[in-house]
Structures are given as structure tokens and as C-alpha cells.
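model_24.tsv, holding TSV, C-alpha atoms:
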chain	number	residue	atom	x	y	z
A	19	MET	CA	24.54	41.52	52.57
A	20	LEU	CA	24.51	38.78	49.94
A	21	HIS	CA	21.25	37.89	48.32
A	22	ARG	CA	20.73	34.14	48.34
A	23	PRO	CA	18.21	32.98	45.79
A	24	SER	CA	15.55	30.59	47.05
A	25	LEU	CA	14.90	27.15	45.62
A	26	THR	CA	11.21	27.60	46.25
A	27	THR	CA	9.06	26.35	43.39
A	28	PRO	CA	5.42	27.38	43.04
A	29	ALA	CA	3.37	24.45	44.27
A	30	THR	CA	-0.28	23.60	43.74
A	31	LEU	CA	-0.39	21.27	46.76
A	32	PRO	CA	-0.68	22.47	50.35
A	33	GLU	CA	2.62	23.09	52.15
A	34	ASN	CA	2.22	20.06	54.42
A	35	ALA	CA	1.67	17.83	51.37
A	36	VAL	CA	4.76	19.25	49.67
A	37	ASN	CA	6.82	18.65	52.80
A	38	ASP	CA	5.54	15.12	53.41
A	39	ILE	CA	5.77	13.95	49.80
A	40	SER	CA	9.15	15.61	49.21
A	41	ARG	CA	10.53	13.92	52.33
A	42	ALA	CA	9.14	10.56	51.19
A	43	LEU	CA	10.71	11.05	47.74
A	44	LEU	CA	14.04	11.96	49.36
A	45	LEU	CA	14.05	8.65	51.24
A	46	LEU	CA	12.90	6.77	48.16
A	47	LEU	CA	15.61	8.35	46.01
A	48	SER	CA	18.25	7.41	48.58
A	49	ASP	CA	17.03	3.81	48.47
A	50	VAL	CA	17.04	3.80	44.68
A	51	PHE	CA	20.64	5.03	44.54
A	52	ALA	CA	21.67	2.44	47.15
A	53	LEU	CA	19.95	-0.36	45.23
A	54	TYR	CA	21.49	0.83	41.95
A	55	ILE	CA	25.02	0.73	43.42
A	56	LYS	CA	24.41	-2.65	45.05
A	57	THR	CA	23.03	-4.10	41.81
A	58	LYS	CA	26.06	-2.79	39.87
A	59	ASN	CA	28.38	-4.14	42.58
A	60	PHE	CA	26.89	-7.61	42.21
A	61	HIS	CA	26.87	-7.27	38.41
A	62	TRP	CA	30.61	-6.47	38.45
A	63	HIS	CA	31.47	-9.19	40.97
A	64	MET	CA	29.26	-12.00	39.67
A	65	SER	CA	30.94	-15.38	39.15
A	66	GLY	CA	30.00	-19.00	38.69
A	67	SER	CA	28.14	-21.21	36.27
A	68	HIS	CA	25.33	-18.69	35.61
A	69	PHE	CA	27.75	-15.78	35.21
A	70	ARG	CA	26.61	-14.62	31.78
A	71	ASP	CA	22.88	-14.76	32.51
A	72	TYR	CA	23.13	-13.11	35.93
A	73	HIS	CA	25.68	-10.55	34.75
A	74	LEU	CA	23.43	-9.44	31.89
A	75	MET	CA	20.26	-9.51	33.99
A	76	LEU	CA	21.81	-7.37	36.72
A	77	ASP	CA	23.10	-4.92	34.12
A	78	ASP	CA	19.57	-4.57	32.73
A	79	GLN	CA	18.11	-4.21	36.21
A	80	SER	CA	20.64	-1.60	37.29
A	81	GLY	CA	19.84	0.47	34.22
A	82	GLN	CA	16.14	0.27	34.99
A	83	ILE	CA	16.77	1.30	38.61
A	84	PHE	CA	19.05	4.20	37.63
A	85	SER	CA	16.44	5.49	35.17
A	86	MET	CA	14.18	6.27	38.15
A	87	THR	CA	16.61	8.68	39.80
A	88	ASP	CA	16.09	11.80	37.70
A	89	PRO	CA	12.28	11.58	37.57
A	90	ILE	CA	12.12	11.11	41.38
A	91	ALA	CA	14.39	14.09	42.03
A	92	GLU	CA	12.67	16.29	39.46
A	93	ARG	CA	9.25	15.36	40.83
A	94	ALA	CA	10.31	16.52	44.30
A	95	ARG	CA	11.52	19.81	42.81
A	96	LYS	CA	8.34	20.28	40.76
A	97	LEU	CA	6.32	19.87	43.94
A	98	GLY	CA	8.31	22.64	45.59
A	99	GLY	CA	10.64	20.49	47.68
A	100	THR	CA	14.33	19.69	47.47
A	101	THR	CA	16.22	16.46	46.89
A	102	VAL	CA	19.50	14.73	47.69
A	103	ARG	CA	22.68	16.76	47.54
A	104	SER	CA	25.45	14.24	48.21
A	105	ILE	CA	26.50	10.62	48.61
A	106	GLY	CA	26.85	11.34	52.33
A	107	GLN	CA	23.24	12.42	52.54
A	108	ILE	CA	22.15	9.32	50.65
A	109	SER	CA	24.13	7.10	53.03
A	110	HIS	CA	22.37	8.67	56.02
A	111	LEU	CA	18.89	8.27	54.52
A	112	GLN	CA	19.03	4.93	52.69
A	113	ARG	CA	17.11	1.98	54.07
A	114	ILE	CA	18.61	-0.50	51.58
A	115	VAL	CA	21.65	-1.99	53.32
A	116	ASP	CA	25.01	-1.90	51.51
A	117	ASN	CA	27.07	-5.04	50.96
A	118	ASP	CA	30.81	-4.39	51.11
A	119	ALA	CA	31.86	-8.04	51.41
A	120	GLU	CA	34.95	-9.17	49.51
A	121	TYR	CA	33.05	-12.14	48.08
A	122	VAL	CA	29.37	-12.97	47.96
A	123	MET	CA	28.06	-16.25	46.62
A	124	PRO	CA	25.95	-15.73	43.47
A	125	ARG	CA	22.85	-17.28	45.08
A	126	ASP	CA	23.27	-14.90	48.03
A	127	MET	CA	23.57	-11.93	45.67
A	128	ILE	CA	20.35	-12.95	43.94
A	129	ALA	CA	18.50	-13.48	47.25
A	130	GLU	CA	19.71	-10.17	48.67
A	131	LEU	CA	18.67	-8.22	45.59
A	132	ARG	CA	15.31	-10.03	45.54
A	133	ASP	CA	14.64	-8.92	49.11
A	134	ASP	CA	15.90	-5.38	48.46
A	135	ASN	CA	13.65	-4.99	45.41
A	136	ALA	CA	10.69	-6.28	47.44
A	137	MET	CA	11.53	-3.72	50.16
A	138	LEU	CA	11.73	-0.96	47.54
A	139	THR	CA	8.30	-2.01	46.29
A	140	ARG	CA	6.88	-1.70	49.81
A	141	HIS	CA	8.40	1.75	50.21
A	142	MET	CA	6.98	2.86	46.85
A	143	ARG	CA	3.53	1.64	47.89
A	144	GLU	CA	3.80	3.70	51.09
A	145	VAL	CA	4.69	6.80	49.07
A	146	HIS	CA	1.81	6.01	46.68
A	147	SER	CA	-0.61	5.87	49.62
A	148	LEU	CA	0.68	9.22	50.86
A	149	CYS	CA	0.21	10.70	47.39
A	150	ASP	CA	-3.34	9.34	47.25
A	151	GLN	CA	-4.11	10.93	50.62
A	152	GLN	CA	-2.72	14.28	49.47
A	153	GLY	CA	-4.26	14.22	45.97
A	154	ASP	CA	-0.90	14.05	44.19
A	155	VAL	CA	-1.95	12.00	41.17
A	156	ALA	CA	1.17	12.81	39.13
A	157	THR	CA	3.60	11.31	41.64
A	158	ALA	CA	1.25	8.36	42.21
A	159	SER	CA	1.16	7.74	38.47
A	160	LEU	CA	4.97	7.61	38.24
A	161	LEU	CA	5.09	5.23	41.18
A	162	GLU	CA	2.64	2.81	39.58
A	163	ASN	CA	4.99	2.03	36.72
A	164	TRP	CA	8.01	1.77	39.02
A	165	ILE	CA	6.12	-0.59	41.34
A	166	ASP	CA	5.37	-2.84	38.37
A	167	GLU	CA	9.04	-2.78	37.28
A	168	SER	CA	10.20	-3.52	40.82
A	169	GLU	CA	7.79	-6.43	41.12
A	170	LYS	CA	9.15	-7.81	37.85
A	171	ARG	CA	12.74	-7.52	39.10
A	172	THR	CA	11.73	-9.28	42.31
A	173	TRP	CA	10.02	-12.04	40.33
A	174	PHE	CA	13.04	-12.61	38.05
A	175	LEU	CA	15.39	-12.70	41.02
A	176	PHE	CA	13.07	-15.09	42.83
A	177	GLU	CA	12.97	-17.44	39.85
A	178	CYS	CA	16.76	-17.27	39.45
A	179	GLY	CA	17.18	-18.19	43.10
A	180	ARG	CA	14.98	-21.29	42.98
A	181	HIS	CA	16.75	-24.56	43.56
A	182	ALA	CA	15.93	-27.14	40.88
C-alpha cells encoding of this file:
Amino acid sequence: MLHRPSLTTPATLPENAVNDISRALLLLLSDVFALYIKTKNFHWHMSGSHFRDYHLMLDDQSGQIFSMTDPIAERARKLGGTTVRSIGQISHLQRIVDNDAEYVMPRDMIAELRDDNAMLTRHMREVHSLCDQQGDVATASLLENWIDESEKRTWFLFECGRHA
């Protein structure tokens, strides 16, 4: 009989807290990957009179979004949970909707990303509330900075989408 090593990590939180928070982080990570890909998609396919500004802004934003992935996954593992294992798993769990359209108007790209970042902020607040309930101050602390960054992305996208 083969011995299969366990991925169990010693946890200082109760098992139900580990399960609930790990599950919430799994969903959050799936959304973050989906938003990262969508932001890069729009960055690569941007066109129009504001091309340079939008192209550079979306590149900056995608980098900021991607930088969240490893800390989210590692936090779930530190708690004693597991994290995403494949693109397929991400696609089943993500709540951020993909955009596979051949062409998207720049103003529609900006509006869609604005709404997606606002949705991500709401999801992070929900995870933060869960962490507060379970006494997980470390995860809550990480989320506070990411919420601020997400609000800033939403604000920039909102301002870019204003009609003069």
C-alpha cells in the first residue's frame, strides 16, 4: 500500500474556521485570477484615443492584482487549508465573469473592470467579516490593504469612464 503524505498544516484556529476561511480564500483567489486575466486581456486589446494611458494603467493594475495571488494561496495553506490546483478549478469557482468578445469598446472595458473591481472589493469585505468572526487577524490584515488597492483601482476606472 502506498503511503500518501497529507497536506495538513498545523493550525491555531478551530477546524470550522480553517474550513470556512480556506473556502472563502479559494473563491477569492479564483476571482483574483479571473480579474487578472481579464485586465491583461483588455490591456492587450486596448485601442482608441486614450490607448497609451489606458494600456499603461491596466498593465499597472494587472500587476497589482497578480501580486495578491501568492499571498492568498499561501495564507490558505498556513491556516491548514488547500488552494486552487488548476485553471479548470478556477473557472468553476470564479464569480468574475470572463469577456471573450472579439472587440470591446474601450469605454466598455473600463466600465466592466470598474464593476469587477467593485465586486472584488465586496467579496474581500465578506472574507474580512468572516475573519473577524473567527479571530483570524492575519488574514484580515492582508485583506485591508487589498481592499484599499481595489478601491483605488475602482476609483481610477470610474474617473477614466466619466464623460466630459
Hey, what's within 6 Å of region 107-116 of chain A if we count only C-alpha atoms and toss same-chain stuff fewer than 4 positions away? As a PDB file with C-alpha atoms, in the frame of the given file, please?
ATOM      1  CA  LEU A  45      14.050   8.650  51.240  1.00  0.00           C
ATOM      2  CA  SER A  48      18.250   7.410  48.580  1.00  0.00           C
ATOM      3  CA  ASP A  49      17.030   3.810  48.470  1.00  0.00           C
TER       4      ASP A  49
END
Residues near region 65-69 of chain A, anyone? I mean within 10 Å using all atoms listed in the file, not counting same-chain ones fewer than 2 positions away, as a short mmCIF file (atom, residue, chain, number, x, y, z; two decimals) with C-alpha atoms, in the coordinates of the input.
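Wrote it out as out.cif, contents follow:
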data_model
loop_
_atom_site.label_atom_id
_atom_site.label_comp_id
_atom_site.auth_asym_id
_atom_site.auth_seq_id
_atom_site.Cartn_x
_atom_site.Cartn_y
_atom_site.Cartn_z
CA PHE A 60 26.89 -7.61 42.21
CA HIS A 61 26.87 -7.27 38.41
CA TRP A 62 30.61 -6.47 38.45
CA HIS A 63 31.47 -9.19 40.97
CA ASP A 71 22.88 -14.76 32.51
CA TYR A 72 23.13 -13.11 35.93
CA HIS A 73 25.68 -10.55 34.75
CA LEU A 74 23.43 -9.44 31.89
CA MET A 75 20.26 -9.51 33.99
CA TYR A 121 33.05 -12.14 48.08
CA VAL A 122 29.37 -12.97 47.96
CA MET A 123 28.06 -16.25 46.62
CA PRO A 124 25.95 -15.73 43.47
CA ARG A 125 22.85 -17.28 45.08
CA CYS A 178 16.76 -17.27 39.45
#
Which distance in Å separates CA of Ala119 (chain A) and CA of Met137 (chain A), to one decimal?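 That distance, rounded to one decimal, is 20.8 Å.
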To one decimal place in Å, what is the distance between CA of Ala52 (chain A) and CA of Asp150 (chain A)? 25.9 Å
Could you work out how far CA of Ser147 (chain A) lies from CA of Leu47 (chain A), giving the answer in Å with one decimal?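 For CA of Leu47 (chain A) relative to CA of Ser147 (chain A), the distance reads 16.8 Å.
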Taking only C-alpha atoms into account, name the residue in A:Lys56, A:Arg41, A:Arg143, A:Lys170 that is nearest to Arg93 (chain A).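 Closest to Arg93 (chain A) of all the choices is A:Arg41.
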Residue nearest Met127 (chain A) among A:Asn59, A:Gln79, A:Leu46, A:Glu33 (counting all atoms listed in the file):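 Checking each of A:Asn59, A:Gln79, A:Leu46, A:Glu33 against Met127 (chain A), counting all atoms listed in the file, the winner is A:Asn59.
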For Val36 (chain A), which of A:Asn135, A:Thr100, A:Ser159, A:Asn117 is the closest residue, counting all atoms listed in the file? A:Thr100
Which residues come within 12 Å of Cys149 (chain A), counting all atoms listed in the file, excluding same-chain residues fewer than 5 positions away, as a PyMOL selection string? chain A and resi 31+34-43+97+142-144+154-162
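Take the candidates A:Gly81, A:Ile105, A:Tyr54, A:Ala94 and check each one against Leu138 (chain A) using only C-alpha atoms; the shortest distance goes to A:Tyr54.
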Nearest-residue call for Asp78 (chain A), choices A:Thr57, A:Asn163, A:Asp134, A:Ala91, using all atoms listed in the file: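 Using all atoms listed in the file, Asp78 (chain A) sits closest to A:Thr57.
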